[in-house]
file run37.cif (mmCIF, C-alpha atoms and all ligand atoms)
data_input
loop_
_atom_site.group_PDB
_atom_site.id
_atom_site.type_symbol
_atom_site.label_atom_id
_atom_site.label_comp_id
_atom_site.auth_asym_id
_atom_site.auth_seq_id
_atom_site.Cartn_x
_atom_site.Cartn_y
_atom_site.Cartn_z
ATOM 1 C CA MET A 6 72.418 -61.506 114.777
ATOM 2 C CA SER A 7 73.179 -61.424 118.463
ATOM 3 C CA ILE A 8 71.155 -63.312 121.000
ATOM 4 C CA GLY A 9 69.918 -59.937 122.328
ATOM 5 C CA GLN A 10 68.456 -58.971 118.957
ATOM 6 C CA ILE A 11 66.750 -62.345 118.587
ATOM 7 C CA ILE A 12 65.196 -61.984 122.026
ATOM 8 C CA SER A 13 63.972 -58.437 121.194
ATOM 9 C CA ILE A 14 62.363 -59.673 117.992
ATOM 10 C CA ILE A 15 60.634 -62.535 119.810
ATOM 11 C CA ILE A 16 59.335 -60.215 122.525
ATOM 12 C CA GLY A 17 58.134 -57.777 119.860
ATOM 13 C CA LEU A 18 56.238 -60.506 118.030
ATOM 14 C CA ILE A 19 54.621 -61.717 121.258
ATOM 15 C CA LEU A 20 53.492 -58.159 122.045
ATOM 16 C CA ILE A 21 52.036 -57.668 118.567
ATOM 17 C CA GLY A 22 50.206 -60.985 118.831
ATOM 18 C CA PHE A 23 48.814 -60.026 122.218
ATOM 19 C CA ILE A 24 47.613 -56.623 120.981
ATOM 20 C CA LEU A 25 45.903 -58.203 117.960
ATOM 21 C CA TRP A 26 44.232 -60.779 120.180
ATOM 22 C CA TRP A 27 43.095 -58.119 122.672
ATOM 23 C CA PHE A 28 41.404 -55.963 120.062
ATOM 24 C CA PHE A 29 40.208 -58.440 117.495
ATOM 25 C CA ALA A 30 39.605 -61.828 119.093
ATOM 26 C CA PRO A 31 35.916 -62.546 119.569
ATOM 27 C CA HIS A 32 35.400 -62.133 123.287
ATOM 28 C CA LYS A 33 32.649 -64.401 124.475
ATOM 29 C CA GLU A 34 29.265 -62.814 124.937
ATOM 30 C CA ASN A 35 27.358 -63.496 128.072
ATOM 31 C CA THR A 36 23.678 -62.819 128.376
ATOM 32 C CA GLY A 37 21.772 -61.816 131.474
ATOM 33 C CA GLU A 38 18.067 -61.708 132.167
ATOM 34 C CA ALA A 39 16.123 -59.181 134.197
ATOM 35 C CA THR A 40 14.436 -59.919 137.508
ATOM 36 C CA VAL A 41 10.765 -58.936 137.560
ATOM 37 C CA VAL A 42 9.406 -57.647 140.880
ATOM 38 C CA ASP A 43 6.012 -55.913 141.221
ATOM 39 C CA ASP A 44 5.649 -55.285 137.492
ATOM 40 C CA GLU A 45 9.073 -53.713 137.217
ATOM 41 C CA GLN A 46 12.155 -55.384 135.895
ATOM 42 C CA THR A 47 15.731 -54.681 136.764
ATOM 43 C CA ALA A 48 18.965 -56.066 135.475
ATOM 44 C CA THR A 49 22.425 -55.358 136.787
ATOM 45 C CA ILE A 50 25.522 -55.069 134.671
ATOM 46 C CA VAL A 51 28.865 -55.116 136.462
ATOM 47 C CA VAL A 52 31.351 -52.762 134.862
ATOM 48 C CA ASN A 53 34.820 -54.107 135.433
ATOM 49 C CA GLY A 54 37.217 -54.313 132.507
ATOM 50 C CA GLY A 55 34.144 -54.575 130.286
ATOM 51 C CA TYR A 56 30.463 -55.288 130.795
ATOM 52 C CA SER A 57 29.261 -58.395 132.575
ATOM 53 C CA PRO A 58 26.872 -59.480 131.242
ATOM 54 C CA SER A 59 27.350 -57.588 128.020
ATOM 55 C CA THR A 60 23.874 -58.475 126.770
ATOM 56 C CA VAL A 61 20.711 -58.098 128.814
ATOM 57 C CA VAL A 62 17.314 -59.373 127.718
ATOM 58 C CA LEU A 63 14.232 -57.470 128.936
ATOM 59 C CA LYS A 64 10.565 -58.324 128.656
ATOM 60 C CA LYS A 65 8.510 -56.094 126.428
ATOM 61 C CA GLY A 66 5.859 -54.010 128.168
ATOM 62 C CA VAL A 67 7.337 -54.126 131.685
ATOM 63 C CA PRO A 68 8.998 -50.900 132.932
ATOM 64 C CA ALA A 69 12.715 -51.578 133.019
ATOM 65 C CA GLN A 70 15.826 -50.298 134.687
ATOM 66 C CA VAL A 71 19.324 -51.405 133.941
ATOM 67 C CA ASN A 72 21.737 -50.818 136.806
ATOM 68 C CA PHE A 73 25.389 -50.264 136.061
ATOM 69 C CA ASP A 74 27.573 -51.302 138.970
ATOM 70 C CA LEU A 75 30.945 -49.639 138.452
ATOM 71 C CA LYS A 76 33.881 -51.611 139.830
ATOM 72 C CA ASP A 77 36.484 -50.294 137.445
ATOM 73 C CA SER A 78 38.595 -47.224 138.097
ATOM 74 C CA THR A 79 39.773 -46.585 134.545
ATOM 75 C CA ALA A 80 38.524 -43.467 132.781
ATOM 76 C CA CYS A 81 37.591 -45.612 129.823
ATOM 77 C CA LEU A 82 34.553 -47.188 131.461
ATOM 78 C CA SER A 83 33.526 -44.210 133.584
ATOM 79 C CA HIS A 84 30.721 -43.252 131.212
ATOM 80 C CA VAL A 85 28.036 -45.337 129.612
ATOM 81 C CA VAL A 86 26.418 -44.105 126.419
ATOM 82 C CA PHE A 87 23.129 -45.247 124.891
ATOM 83 C CA GLU A 88 23.264 -43.318 121.670
ATOM 84 C CA GLN A 89 19.744 -44.289 120.529
ATOM 85 C CA LEU A 90 18.272 -43.092 123.852
ATOM 86 C CA GLY A 91 20.354 -39.927 124.134
ATOM 87 C CA VAL A 92 21.772 -41.228 127.423
ATOM 88 C CA ASN A 93 25.303 -40.424 128.559
ATOM 89 C CA GLU A 94 25.744 -41.231 132.240
ATOM 90 C CA ASP A 95 28.741 -40.637 134.467
ATOM 91 C CA LEU A 96 29.065 -43.873 136.434
ATOM 92 C CA THR A 97 31.549 -42.467 138.913
ATOM 93 C CA LYS A 98 29.018 -40.191 140.645
ATOM 94 C CA GLN A 99 27.274 -42.994 142.551
ATOM 95 C CA PRO A 100 28.047 -46.673 143.190
ATOM 96 C CA ILE A 101 25.186 -47.861 140.983
ATOM 97 C CA THR A 102 23.701 -45.924 138.087
ATOM 98 C CA SER A 103 20.216 -46.774 136.841
ATOM 99 C CA VAL A 104 19.195 -46.229 133.250
ATOM 100 C CA ASN A 105 15.525 -46.416 132.308
ATOM 101 C CA ILE A 106 14.953 -48.440 129.176
ATOM 102 C CA PRO A 107 11.748 -47.996 127.170
ATOM 103 C CA THR A 108 10.052 -51.368 126.742
ATOM 104 C CA ASP A 109 6.927 -50.320 124.837
ATOM 105 C CA LYS A 110 8.251 -51.983 121.705
ATOM 106 C CA ALA A 111 10.683 -54.743 120.901
ATOM 107 C CA GLY A 112 14.136 -53.693 119.851
ATOM 108 C CA THR A 113 17.808 -53.584 120.619
ATOM 109 C CA TYR A 114 19.558 -50.712 122.347
ATOM 110 C CA ASN A 115 23.313 -50.680 122.040
ATOM 111 C CA PHE A 116 25.504 -49.126 124.669
ATOM 112 C CA ALA A 117 29.187 -48.398 124.839
ATOM 113 C CA CYS A 118 31.792 -46.798 127.023
ATOM 114 C CA GLY A 119 32.484 -43.101 126.516
ATOM 115 C CA MET A 120 35.168 -43.874 123.960
ATOM 116 C CA ASP A 121 33.135 -46.468 122.089
ATOM 117 C CA MET A 122 35.633 -49.226 122.918
ATOM 118 C CA PHE A 123 33.535 -51.585 125.011
ATOM 119 C CA HIS A 124 30.087 -52.511 123.796
ATOM 120 C CA GLY A 125 26.978 -54.164 125.081
ATOM 121 C CA LYS A 126 23.312 -54.323 124.266
ATOM 122 C CA VAL A 127 19.901 -54.409 125.836
ATOM 123 C CA ILE A 128 17.374 -56.480 123.935
ATOM 124 C CA VAL A 129 13.658 -55.917 124.487
ATOM 125 C CA LYS A 130 11.496 -58.813 123.327
HETATM 126 CU CU CU A 201 36.452 -46.632 126.663
#
call {"tool": "encode", "arguments": {"input": "run37.cif", "output": "structure tokens"}}
result
Amino acid sequence: MSIGQIISIIIGLILIGFILWWFFAPHKENTGEATVVDDEQTATIVVNGGYSPSTVVLKKGVPAQVNFDLKDSTACLSHVVFEQLGVNEDLTKQPITSVNIPTDKAGTYNFACGMDMFHGKVIVK
């Protein structure tokens, strides 16, 4: 085997390892809380290569809005989908997109990018 072939194999293995890590490694979850002002709560999620925080905790019984602040220009994250709520918002239309979350009962609402690649959740408790 020539040195060139050995180098190609090593580079190939590094790439495969990186791809596996990117898709399957447990990325750390960060949790955010809502700010309550005048009996309304809002939480902001920054959308930039994923969701930060990816989990937001809301208080039950207080009207809630989750604001998505889009800082990413990839098509992947341009939409946010709350399947359980029938919400599919285009985040590119305005700098910050607000989604109303029902808080009348405790529960978890999952959201994802338009291609179901990045995930997050809103927990009402
Ligand atoms: Cu996507």
call {"tool": "resolve_selection", "arguments": {"input": "run37.cif", "expression": "the PyMOL selection byres (((not hetatm)) within 8 of (chain A and resi 201))", "output": "list in words"}}
result
Ala80, Cys81, Leu82, Ser83, Ala117, Cys118, Gly119, Met120, Asp121, Met122 and Phe123 of chain A
call {"tool": "write_last_selection", "arguments": {"input": "run37.cif", "atoms": "C-alpha atoms", "output": "PDB file, keeping the file's coordinate frame"}}
result
ATOM      1  CA  ALA A  80      38.524 -43.467 132.781  1.00  0.00           C
ATOM      2  CA  CYS A  81      37.591 -45.612 129.823  1.00  0.00           C
ATOM      3  CA  LEU A  82      34.553 -47.188 131.461  1.00  0.00           C
ATOM      4  CA  SER A  83      33.526 -44.210 133.584  1.00  0.00           C
ATOM      5  CA  ALA A 117      29.187 -48.398 124.839  1.00  0.00           C
ATOM      6  CA  CYS A 118      31.792 -46.798 127.023  1.00  0.00           C
ATOM      7  CA  GLY A 119      32.484 -43.101 126.516  1.00  0.00           C
ATOM      8  CA  MET A 120      35.168 -43.874 123.960  1.00  0.00           C
ATOM      9  CA  ASP A 121      33.135 -46.468 122.089  1.00  0.00           C
ATOM     10  CA  MET A 122      35.633 -49.226 122.918  1.00  0.00           C
ATOM     11  CA  PHE A 123      33.535 -51.585 125.011  1.00  0.00           C
TER      12      PHE A 123
END
call {"tool": "residues_around", "arguments": {"input": "run37.cif", "residues": "Asp44 in chain A", "least_positions_apart": "2", "cutoff": "8 Å", "atoms": "all atoms listed in the file", "output": "list in words"}}
result
Val41, Val42, Gln46, Val67 and Pro68 of chain A
call {"tool": "atom_distance", "arguments": {"input": "run37.cif", "atom1": "CA of Lys130 in chain A", "atom2": "CA of Lys64 in chain A"}}
result
5.4 Å
call {"tool": "residues_around", "arguments": {"input": "run37.cif", "residues": "Val92 in chain A", "least_positions_apart": "3", "cutoff": "12 Å", "atoms": "all atoms listed in the file", "output": "PyMOL selection string"}}
result
chain A and resi 84-89+95-96+102-106+114-119
call {"tool": "residues_near_point", "arguments": {"input": "run37.cif", "point": "(28.6, -55.4, 129.3)", "cutoff": "12 Å", "atoms": "only C-alpha atoms", "output": "PyMOL selection string"}}
result
chain A and resi 32-37+48-61+71-75+82+85-86+115-118+122-127
call {"tool": "atom_distance", "arguments": {"input": "run37.cif", "atom1": "CA of Gln99 in chain A", "atom2": "CA of Thr47 in chain A"}}
result
17.4 Å
call {"tool": "atom_distance", "arguments": {"input": "run37.cif", "atom1": "CA of Pro107 in chain A", "atom2": "CA of Asp43 in chain A"}}
result
17.1 Å
call {"tool": "closest_residue", "arguments": {"input": "run37.cif", "among": "A:Ser78, A:Ser13, A:Thr108, A:Thr113", "to": "Glu45 in chain A", "atoms": "only C-alpha atoms"}}
result
A:Thr108
call {"tool": "axis_aligned_box", "arguments": {"input": "run37.cif", "around": "range 63-66 of chain A", "padding_each_side": "4 Å", "output": "AutoDock Vina command-line options"}}
result
--center_x 10.0 --center_y -56.2 --center_z 127.7 --size_x 16.4 --size_y 12.3 --size_z 10.5
